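Undergrad: Just one file: work10.txt, with compact mmCIF, C-alpha atoms and all ligand atoms.
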```
# COMPACT_ATOMS: atom_id res chain seq x y z
CA MET A 1 93.19 101.37 13.07
CA LYS A 2 95.14 104.29 11.63
CA GLY A 3 92.51 106.65 13.08
CA ILE A 4 92.99 105.30 16.60
CA LEU A 5 96.75 105.69 16.25
CA TYR A 6 96.39 109.32 15.18
CA LEU A 7 94.03 109.99 18.05
CA GLY A 8 96.48 108.39 20.48
CA ALA A 9 99.35 110.43 19.09
CA LEU A 10 97.28 113.59 19.43
CA VAL A 11 96.40 112.85 23.06
CA GLY A 12 100.04 112.00 23.85
CA GLY A 13 101.31 115.10 22.08
CA VAL A 14 98.90 117.39 23.93
CA ALA A 15 99.73 115.74 27.26
CA VAL A 16 103.48 116.18 26.66
CA LEU A 17 102.97 119.80 25.59
CA LEU A 18 100.91 120.50 28.73
CA LEU A 19 103.52 118.91 30.95
CA VAL A 20 106.41 120.75 29.29
CA SER A 21 104.68 124.13 29.49
CA MET A 22 103.91 123.53 33.17
CA VAL A 23 107.56 122.67 33.82
CA LEU A 24 108.70 125.80 31.97
CA GLY A 25 106.09 127.89 33.75
CA ILE A 26 104.39 128.98 30.53
CA ILE A 27 101.05 127.91 31.93
CA PRO A 28 100.45 127.84 35.68
CA PRO A 29 100.62 124.33 37.15
CA GLU A 30 97.06 124.65 38.51
CA THR A 31 95.64 124.71 34.96
CA VAL A 32 94.99 121.00 35.08
CA ARG A 33 94.58 120.25 38.74
CA LEU A 34 95.02 117.03 40.55
CA VAL A 35 91.78 116.82 42.52
CA GLU A 36 92.15 115.77 46.11
CA GLY A 37 90.57 112.39 46.72
CA TYR A 38 90.68 111.44 43.05
CA MET A 39 94.39 111.98 42.70
CA PRO A 40 95.51 108.33 42.34
CA MET A 41 92.85 107.62 39.73
CA GLN A 42 93.64 110.83 37.92
CA MET A 43 97.33 109.95 37.88
CA VAL A 44 96.72 106.47 36.55
CA PHE A 45 94.48 107.94 33.87
CA GLU A 46 97.02 110.59 32.92
CA LEU A 47 99.87 108.11 32.81
CA ALA A 48 97.74 105.82 30.62
CA CYS A 49 97.16 108.74 28.26
CA PHE A 50 100.88 109.44 28.14
CA VAL A 51 101.80 105.82 27.50
CA ALA A 52 99.09 105.47 24.84
CA GLY A 53 100.30 108.68 23.25
CA PHE A 54 103.94 107.59 23.28
CA THR A 55 103.05 104.23 21.79
CA ALA A 56 101.03 105.83 19.05
CA ILE A 57 103.77 108.36 18.28
CA SER A 58 106.43 105.69 18.09
CA TYR A 59 104.25 103.52 15.80
CA LEU A 60 103.57 106.45 13.52
CA LEU A 61 107.26 107.38 13.42
CA GLY A 62 108.08 103.77 12.57
CA ALA A 63 105.41 103.69 9.88
CA ALA A 64 106.82 106.91 8.42
CA GLY A 65 110.21 105.22 8.11
CA THR A 66 111.94 107.26 10.84
CA PRO A 67 111.65 105.03 13.92
CA MET A 68 112.90 106.37 17.21
CA PRO A 69 115.91 104.32 18.34
CA ARG A 70 115.20 101.87 21.15
CA PHE A 71 117.94 103.40 23.27
CA TRP A 72 116.39 106.86 23.22
CA GLN A 73 112.93 105.48 23.80
CA GLY A 74 114.13 103.98 27.06
CA ILE A 75 116.06 107.07 28.18
CA LEU A 76 113.27 109.48 27.28
CA PHE A 77 110.64 107.42 29.02
CA TRP A 78 112.71 107.33 32.18
CA VAL A 79 113.30 111.09 32.00
CA PHE A 80 109.56 111.52 31.55
CA VAL A 81 108.85 109.57 34.75
CA TRP A 82 111.26 111.83 36.65
CA VAL A 83 109.76 115.02 35.27
CA TYR A 84 106.22 113.80 35.94
CA LEU A 85 107.00 112.90 39.55
CA LYS A 86 108.85 116.11 40.18
CA PHE A 87 106.63 118.67 38.48
CA ARG A 88 103.20 117.14 38.20
CA VAL A 89 102.59 115.37 41.46
CA TYR A 90 101.35 117.49 44.30
CA PRO A 91 102.14 117.78 47.23
CA PRO A 92 105.82 117.51 46.24
CA ILE A 93 107.44 114.15 46.79
CA PRO A 94 110.65 114.29 48.81
CA PHE A 95 113.82 113.63 46.86
CA SER A 96 114.57 110.37 48.65
CA VAL A 97 111.19 108.95 47.65
CA ARG A 98 111.55 110.20 44.10
CA ALA A 99 114.96 108.54 43.96
CA MET A 100 113.30 105.28 44.97
CA TYR A 101 110.59 105.60 42.31
CA GLY A 102 113.28 106.61 39.83
CA THR A 103 115.29 103.47 40.56
CA VAL A 104 112.22 101.27 40.28
CA SER A 105 111.27 102.82 36.95
CA LEU A 106 114.87 102.43 35.74
CA VAL A 107 114.63 98.73 36.48
CA ALA A 108 111.27 98.60 34.69
CA VAL A 109 112.71 100.37 31.64
CA PHE A 110 115.57 97.88 31.64
CA MET A 111 113.20 94.96 31.75
CA TRP A 112 111.19 96.46 28.94
CA MET A 113 114.32 97.04 26.85
CA SER A 114 115.67 93.56 27.45
CA SER A 115 112.37 91.69 27.12
CA ASN A 116 113.54 90.05 23.88
CA GLU A 117 116.91 89.48 22.29
CA GLU A 118 116.33 91.73 19.33
CA ASP A 119 115.21 94.74 21.39
CA TRP A 120 118.11 94.29 23.78
CA LYS A 121 120.56 94.28 20.88
CA LYS A 122 119.02 97.47 19.53
CA PHE A 123 119.15 99.07 22.96
CA ARG A 124 122.80 98.41 23.66
CA GLN A 125 123.99 99.10 20.12
CA PRO A 126 124.47 102.89 20.63
CA ILE A 127 126.40 102.23 23.84
CA LEU A 128 128.70 99.73 22.09
CA ASN A 129 129.13 102.16 19.21
CA VAL A 130 130.44 104.83 21.53
CA LEU A 131 132.75 102.41 23.33
CA ASP A 132 134.12 101.05 20.03
CA ALA A 133 134.46 104.54 18.58
CA GLN A 134 134.63 103.44 14.97
CA THR A 135 133.41 106.74 13.51
CA GLY A 136 134.61 110.26 14.20
CA PHE A 137 131.32 111.18 15.84
CA HIS A 138 131.47 108.29 18.28
CA ARG A 139 135.10 109.00 19.04
CA ALA A 140 134.20 112.61 19.89
CA ILE A 141 131.42 111.43 22.24
CA ARG A 142 133.74 108.96 23.90
CA THR A 143 136.46 111.57 24.41
CA LEU A 144 133.92 114.02 25.79
CA ALA A 145 132.59 111.38 28.19
CA LEU A 146 136.11 110.54 29.33
CA ILE A 147 136.74 114.20 30.12
CA LEU A 148 133.34 115.14 31.54
CA LEU A 149 132.68 112.10 33.72
CA PRO A 150 135.70 112.63 36.01
CA ILE A 151 134.95 116.35 36.19
CA ILE A 152 131.32 115.75 37.16
CA ILE A 153 132.14 113.07 39.71
CA GLY A 154 135.05 115.13 41.02
CA GLY A 155 132.79 118.16 41.22
CA PHE A 156 130.20 116.33 43.28
CA SER A 157 132.85 114.95 45.62
CA PHE A 158 134.36 118.41 45.95
CA LEU A 159 131.02 119.99 46.81
CA SER A 160 130.20 117.34 49.37
CA MET A 161 133.63 117.61 51.04
CA LYS A 162 133.73 121.41 51.02
CA PRO A 163 133.42 122.79 54.56
CA SER A 164 130.13 124.63 54.73
CA SER A 165 129.88 128.19 55.94
CA GLU A 166 126.41 127.72 57.36
CA GLU A 167 125.62 129.12 60.76
CA PRO A 168 126.48 126.69 63.51
CA ILE A 169 123.85 125.81 66.07
CA GLU A 170 123.70 128.68 68.47
CA LEU A 171 124.91 127.96 71.95
CA ARG A 172 125.25 131.50 73.10
CA THR A 173 127.03 132.30 76.31
CA VAL A 174 124.70 134.96 77.59
CA HIS A 175 127.00 136.24 80.30
CA PRO A 176 130.60 135.65 79.22
CA ALA A 177 133.44 136.33 81.61
CA PRO A 178 134.20 140.05 81.32
CA PRO A 179 137.69 141.38 80.61
CA ALA A 180 139.76 142.60 83.57
CA SER A 181 139.48 146.14 82.32
CA THR A 182 137.81 148.05 79.54
CA LYS A 183 138.80 151.22 77.77
CA VAL A 184 135.98 153.66 77.09
CA HIS A 185 136.56 157.10 75.57
CA GLY A 186 140.28 156.77 76.11
CA LYS A 187 140.07 155.96 79.81
CA THR A 188 140.73 152.51 81.26
CA TYR A 189 138.27 151.15 83.79
CA VAL A 190 139.36 148.20 85.91
CA LEU A 191 136.16 146.23 86.39
CA GLN A 192 136.99 144.97 89.88
CA THR A 193 137.66 148.40 91.34
CA SER A 194 135.58 150.82 89.31
CA GLN A 195 132.39 152.24 90.75
CA ASN A 196 129.41 154.01 89.38
CA PRO A 197 130.31 157.63 90.19
CA TYR A 198 126.64 158.54 90.43
CA ARG A 199 125.77 156.16 93.23
CA VAL A 200 126.17 159.03 95.70
CA ASN A 201 124.76 160.14 99.04
CA SER A 202 122.86 163.32 99.74
CA GLU A 203 126.10 165.29 99.74
CA GLY A 204 126.96 164.03 96.28
CA LYS A 205 129.78 161.69 97.44
CA TYR A 206 130.22 158.02 96.59
CA ASP A 207 129.06 156.30 99.78
CA GLN A 208 128.62 152.58 100.24
CA GLU A 209 126.96 153.04 103.64
CA PHE A 210 124.33 155.29 102.08
CA SER A 211 123.54 152.57 99.55
CA ASN A 212 123.67 149.72 102.05
CA ALA A 213 121.11 151.44 104.23
CA ARG A 214 118.68 151.25 101.37
CA ILE A 215 119.17 147.61 100.46
CA VAL A 216 116.11 145.78 101.74
CA GLU A 217 116.96 142.22 100.78
CA GLN A 218 120.36 140.64 100.99
CA SER A 219 120.46 137.74 98.60
CA MET A 220 121.20 137.07 94.98
CA GLY A 221 119.29 139.79 93.24
CA ARG A 222 119.33 142.23 96.15
CA LEU A 223 116.50 144.67 96.21
CA MET A 224 116.77 148.34 96.93
CA LYS A 225 114.17 150.54 98.53
CA SER A 226 112.66 152.82 95.94
CA ASP A 227 109.98 154.76 97.74
CA ALA A 228 111.58 158.09 96.90
CA ASN A 229 110.62 159.80 93.66
CA PRO A 230 113.50 160.87 91.41
CA TRP A 231 111.27 163.49 89.84
CA ASP A 232 110.82 165.16 93.21
CA PRO A 233 113.13 168.21 93.36
CA LYS A 234 113.85 167.33 96.99
CA ALA A 235 115.01 163.83 96.03
CA GLU A 236 118.30 163.03 97.69
CA GLY A 237 121.60 161.67 96.44
CA TYR A 238 121.80 159.43 93.42
CA LEU A 239 118.11 159.89 92.63
CA LYS A 240 118.63 163.00 90.56
CA TYR A 241 121.03 161.04 88.36
CA VAL A 242 118.46 158.27 88.11
CA ARG A 243 116.20 160.86 86.54
CA GLU A 244 118.85 161.86 84.01
CA GLY A 245 119.56 158.20 83.29
CA GLY A 246 115.83 157.73 82.69
CA GLU A 247 115.87 160.44 80.05
CA ILE A 248 118.77 158.69 78.34
CA PHE A 249 116.98 155.35 78.57
CA PHE A 250 113.83 156.66 76.95
CA GLN A 251 115.81 158.32 74.21
CA ASN A 252 117.96 155.32 73.37
CA CYS A 253 117.09 152.02 74.94
CA HIS A 254 113.34 151.56 75.28
CA PHE A 255 112.88 150.72 71.57
CA CYS A 256 114.50 147.41 72.31
CA HIS A 257 114.44 146.91 76.08
CA GLY A 258 110.89 148.19 76.48
CA ASP A 259 109.43 151.00 78.54
CA ASN A 260 108.97 148.63 81.46
CA LEU A 261 112.55 147.42 81.01
CA ASN A 262 111.20 143.94 80.39
CA GLY A 263 112.85 143.45 77.01
CA ARG A 264 109.61 143.95 75.11
CA GLY A 265 110.39 147.09 73.18
CA LEU A 266 108.79 148.02 69.87
CA HIS A 267 111.54 146.37 67.87
CA ALA A 268 112.36 143.61 70.30
CA PHE A 269 110.92 140.65 68.48
CA ALA A 270 112.66 141.46 65.22
CA PHE A 271 115.84 140.29 66.91
CA ASN A 272 117.38 137.01 67.90
CA PRO A 273 118.55 136.96 70.64
CA ILE A 274 115.84 139.29 71.87
CA PRO A 275 116.90 142.25 74.03
CA ALA A 276 117.63 141.54 77.67
CA ASN A 277 114.78 141.72 80.16
CA PHE A 278 116.20 143.73 83.08
CA THR A 279 113.31 142.80 85.38
CA ASP A 280 114.34 139.15 85.09
CA PRO A 281 116.54 138.26 88.09
CA GLY A 282 118.87 136.51 85.62
CA THR A 283 120.18 139.71 84.03
CA ILE A 284 121.38 142.89 85.73
CA ALA A 285 120.36 141.68 89.20
CA GLN A 286 123.09 139.07 89.23
CA LEU A 287 125.75 141.15 87.50
CA GLN A 288 128.19 143.72 88.82
CA GLU A 289 127.56 147.30 87.84
CA THR A 290 130.90 147.49 86.02
CA PHE A 291 129.92 144.41 83.99
CA ILE A 292 126.85 146.31 82.83
CA PHE A 293 128.96 149.41 82.17
CA TRP A 294 131.26 147.29 80.00
CA ARG A 295 128.34 145.59 78.16
CA VAL A 296 126.56 148.88 77.47
CA SER A 297 129.77 150.52 76.24
CA LYS A 298 130.82 147.72 73.93
CA GLY A 299 127.48 146.22 72.85
CA GLY A 300 127.00 142.99 70.96
CA ILE A 301 130.05 143.36 68.75
CA GLY A 302 132.26 143.92 71.77
CA LEU A 303 131.49 140.50 73.24
CA PRO A 304 134.54 138.28 73.82
CA ASN A 305 135.26 135.16 71.74
CA GLU A 306 133.49 132.80 74.09
CA ALA A 307 130.21 134.60 73.47
CA PHE A 308 130.43 133.74 69.77
CA PRO A 309 128.33 134.09 67.65
CA TRP A 310 127.94 137.78 68.33
CA ALA A 311 124.48 137.83 66.82
CA SER A 312 123.32 140.45 69.34
CA VAL A 313 122.10 143.77 67.97
CA MET A 314 122.89 145.52 71.24
CA PRO A 315 124.67 148.68 70.01
CA PRO A 316 128.10 149.70 71.35
CA TRP A 317 126.90 152.76 73.22
CA GLU A 318 130.35 154.30 73.65
CA GLN A 319 129.86 155.44 70.07
CA HIS A 320 126.80 157.47 71.01
CA LEU A 321 126.93 158.27 74.72
CA THR A 322 129.50 159.81 77.02
CA VAL A 323 130.93 157.83 79.92
CA ASP A 324 128.74 159.81 82.31
CA GLU A 325 125.64 159.08 80.32
CA ILE A 326 126.41 155.37 80.32
CA TRP A 327 126.85 155.31 84.11
CA LYS A 328 123.59 157.22 84.52
CA VAL A 329 121.56 154.97 82.31
CA VAL A 330 122.94 151.94 84.16
CA LEU A 331 121.93 153.58 87.42
CA PHE A 332 118.44 154.11 86.04
CA GLU A 333 118.09 150.48 84.98
CA TYR A 334 118.89 149.34 88.51
CA TRP A 335 116.65 151.92 90.11
CA HIS A 336 113.67 151.11 87.86
CA THR A 337 113.88 147.37 88.43
CA GLY A 338 114.56 147.81 92.15
CA TYR A 339 117.71 145.69 91.99
CA TYR A 340 121.00 146.48 93.62
CA PRO A 341 124.03 145.36 91.59
CA ARG A 342 126.00 142.34 92.61
CA THR A 343 129.23 143.21 94.36
CA TRP A 344 132.62 141.53 94.04
CA ASP A 345 132.47 139.81 97.42
C1 LIG B 1 118.72 147.68 68.84
C2 LIG B 1 118.22 147.14 70.03
C3 LIG B 1 118.86 147.54 71.33
C4 LIG B 1 119.00 148.79 71.84
C5 LIG B 1 118.57 150.11 71.23
C6 LIG B 1 119.61 148.62 73.13
N1 LIG B 1 119.86 147.31 73.38
FE1 LIG B 1 120.67 146.52 75.05
N2 LIG B 1 120.55 144.67 74.26
C7 LIG B 1 119.97 144.36 73.07
C8 LIG B 1 119.99 142.94 72.89
C9 LIG B 1 119.46 142.19 71.67
C10 LIG B 1 120.58 142.38 74.02
C11 LIG B 1 120.78 140.89 74.34
C12 LIG B 1 121.99 140.33 73.70
C13 LIG B 1 123.24 140.76 74.39
O1 LIG B 1 123.42 140.42 75.56
O2 LIG B 1 124.05 141.43 73.75
C14 LIG B 1 120.94 143.50 74.86
C15 LIG B 1 121.58 143.38 76.08
C16 LIG B 1 121.80 144.42 76.93
C17 LIG B 1 122.47 144.28 78.20
C18 LIG B 1 123.07 143.02 78.79
C19 LIG B 1 122.19 142.39 79.81
C20 LIG B 1 122.77 141.10 80.28
O3 LIG B 1 122.05 140.39 81.01
O4 LIG B 1 123.93 140.78 79.97
C21 LIG B 1 122.47 145.52 78.77
C22 LIG B 1 123.02 145.91 80.13
C23 LIG B 1 121.84 146.43 77.85
N3 LIG B 1 121.45 145.74 76.74
C24 LIG B 1 121.67 147.78 78.06
C25 LIG B 1 121.20 148.66 77.11
C26 LIG B 1 121.16 150.10 77.29
C27 LIG B 1 121.57 150.81 78.53
C28 LIG B 1 120.68 150.62 76.14
C29 LIG B 1 120.47 152.09 75.79
C30 LIG B 1 121.57 152.99 76.02
C31 LIG B 1 120.40 149.53 75.23
N4 LIG B 1 120.73 148.37 75.87
C32 LIG B 1 119.88 149.67 73.98
C33 LIG B 1 119.45 145.24 72.14
C34 LIG B 1 119.41 146.61 72.30
```
Could you rewrite the structure in this file as structure tokens?
Ligand code: HEC

TA:
Amino acid sequence: MKGILYLGALVGGVAVLLLVSMVLGIIPPETVRLVEGYMPMQMVFELACFVAGFTAISYLLGAAGTPMPRFWQGILFWVFVWVYLKFRVYPPIPFSVRAMYGTVSLVAVFMWMSSNEEDWKKFRQPILNVLDAQTGFHRAIRTLALILLPIIIGGFSFLSMKPSSEEPIELRTVHPAPPASTKVHGKTYVLQTSQNPYRVNSEGKYDQEFSNARIVEQSMGRLMKSDANPWDPKAEGYLKYVREGGEIFFQNCHFCHGDNLNGRGLHAFAFNPIPANFTDPGTIAQLQETFIFWRVSKGGIGLPNEAFPWASVMPPWEQHLTVDEIWKVVLFEYWHTGYYPRTWD
């Protein structure tokens, strides 16, 4: 009989040691695996080992004259169930389910503790001792509990009431209303009246007629004829600025907006929102040229409040390019996509 008890205590002790070292990460949790398919049986077997071990240990302690108090037996067993469910069972059980199992095992522990009058008395004795506070030790515990309990409960309430600083769901306004005017490099540009100074005719003058003659489709997302080659030295009018804008684009913008201007640059997919696709009729085609000038100058951080959150990585190009360079690169974007900017009419 004694032999069986010792064996049980040994098994229980080893099982507890294994569990504790897995929890502490001393040995990797895979050391004793739960095998898929056999998991329920394995768990029942393990739990039986634990219970047998605990029983044996508590008998031996009792026989040695140092019995473990009933109260602590109950608490420790319940803690064990929690630890086992949390650290041993794989795949992890969600907290809500563990809370359910925890409550059920709490009830079970209670039933075990109160199964006969004598055990129940032994179980509640330590609690009554603390409440009565007859000795100095118990008084200290009671005082501590009276101080700590409100702090803990208050702390939890505080944390759950505290406004969180988590990101809100993103409802980004992609094209916010622009400001009436924008100041770039010290000069104010009124968006309604400003024009791209490089949209010029063959004499180098701003000329709406010259542009209109080249618009081939009059609708939202107007298209512009682009049969001429900006790299041709005989190219007329704005085309030579298109070429300069192209150089600026391929030095600064194509990493994000892509060399086909379709928003699929090298770095594009590292970002959210991803860079604008200028070939999409929903971007520059339906925006005024001054809107684009403003967006390129001020970038993501220059977006107005309504476009919050300003998660865009679009750089504020006024910090890197001159006003002329910005107008030229805008010109290039329109030329390359074949779109003609929306006008204010
Ligand atoms: C680091 C990446 C990055 C670079 C480089 C970059 N952009 Fe952008 N750009 C973005 C992102 C992301 C967006 C989309 C979010 C937004 O609207 O701000 C964007 C949006 C835009 C828009 C607005 C389009 C619309 O529909 O409102 C324009 C115009 C634009 N970029 C032009 C440029 C130009 C011109 C350059 C080069 C001078 C450039 N970008 C370089 C990331 C970049």

Undergrad: Rank A:Val14, A:Ala99, A:Ile75, A:Ala56 by their smallest atom-to-atom distance to Trp112 (chain A), using all atoms listed in the file, and report the top residue only.

TA: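 Using all atoms listed in the file, the shortest distance to Trp112 (chain A) belongs to A:Ile75.
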
Undergrad: Once you count all atoms listed in the file, which residues end up within 7 Å of ligand LIG 1 (chain B), and could you hand them over as a PDB file with C-alpha atoms, in the frame of the given file?

TA:
```pdb
ATOM      1  CA  VAL A 174     124.700 134.960  77.590  1.00  0.00           C
ATOM      2  CA  HIS A 175     127.000 136.240  80.300  1.00  0.00           C
ATOM      3  CA  ILE A 248     118.770 158.690  78.340  1.00  0.00           C
ATOM      4  CA  PHE A 249     116.980 155.350  78.570  1.00  0.00           C
ATOM      5  CA  ASN A 252     117.960 155.320  73.370  1.00  0.00           C
ATOM      6  CA  CYS A 253     117.090 152.020  74.940  1.00  0.00           C
ATOM      7  CA  HIS A 254     113.340 151.560  75.280  1.00  0.00           C
ATOM      8  CA  PHE A 255     112.880 150.720  71.570  1.00  0.00           C
ATOM      9  CA  CYS A 256     114.500 147.410  72.310  1.00  0.00           C
ATOM     10  CA  HIS A 257     114.440 146.910  76.080  1.00  0.00           C
ATOM     11  CA  ALA A 268     112.360 143.610  70.300  1.00  0.00           C
ATOM     12  CA  PHE A 271     115.840 140.290  66.910  1.00  0.00           C
ATOM     13  CA  ASN A 272     117.380 137.010  67.900  1.00  0.00           C
ATOM     14  CA  PRO A 273     118.550 136.960  70.640  1.00  0.00           C
ATOM     15  CA  ILE A 274     115.840 139.290  71.870  1.00  0.00           C
ATOM     16  CA  PRO A 275     116.900 142.250  74.030  1.00  0.00           C
ATOM     17  CA  ALA A 276     117.630 141.540  77.670  1.00  0.00           C
ATOM     18  CA  PHE A 278     116.200 143.730  83.080  1.00  0.00           C
ATOM     19  CA  GLY A 282     118.870 136.510  85.620  1.00  0.00           C
ATOM     20  CA  THR A 283     120.180 139.710  84.030  1.00  0.00           C
ATOM     21  CA  ILE A 284     121.380 142.890  85.730  1.00  0.00           C
ATOM     22  CA  ILE A 292     126.850 146.310  82.830  1.00  0.00           C
ATOM     23  CA  ARG A 295     128.340 145.590  78.160  1.00  0.00           C
ATOM     24  CA  VAL A 296     126.560 148.880  77.470  1.00  0.00           C
ATOM     25  CA  GLY A 299     127.480 146.220  72.850  1.00  0.00           C
ATOM     26  CA  GLY A 300     127.000 142.990  70.960  1.00  0.00           C
ATOM     27  CA  SER A 312     123.320 140.450  69.340  1.00  0.00           C
ATOM     28  CA  VAL A 313     122.100 143.770  67.970  1.00  0.00           C
ATOM     29  CA  MET A 314     122.890 145.520  71.240  1.00  0.00           C
ATOM     30  CA  PRO A 315     124.670 148.680  70.010  1.00  0.00           C
ATOM     31  CA  TRP A 317     126.900 152.760  73.220  1.00  0.00           C
ATOM     32  CA  ILE A 326     126.410 155.370  80.320  1.00  0.00           C
ATOM     33  CA  VAL A 329     121.560 154.970  82.310  1.00  0.00           C
ATOM     34  CA  VAL A 330     122.940 151.940  84.160  1.00  0.00           C
TER      35      VAL A 330
END
```

Undergrad: Show me, as a PyMOL selection string, the residues that have an atom within 9 Å of region 198-210 of chain A when counting only C-alpha atoms, minus same-chain residues fewer than 5 positions from it.

TA: chain A and resi 235-239+241-242+324+327-328+331

Undergrad: How many Å separate CA of Thr182 (chain A) from CA of Trp294 (chain A)?

TA: 6.6 Å

Undergrad: Check the smallest atom-to-atom distance from each of A:Gly136, A:Pro176, A:Gly12, A:Gly302 to Val51 (chain A) using all atoms listed in the file, then report the winner.

TA: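 The answer is A:Gly12, which sits nearest to Val51 (chain A).
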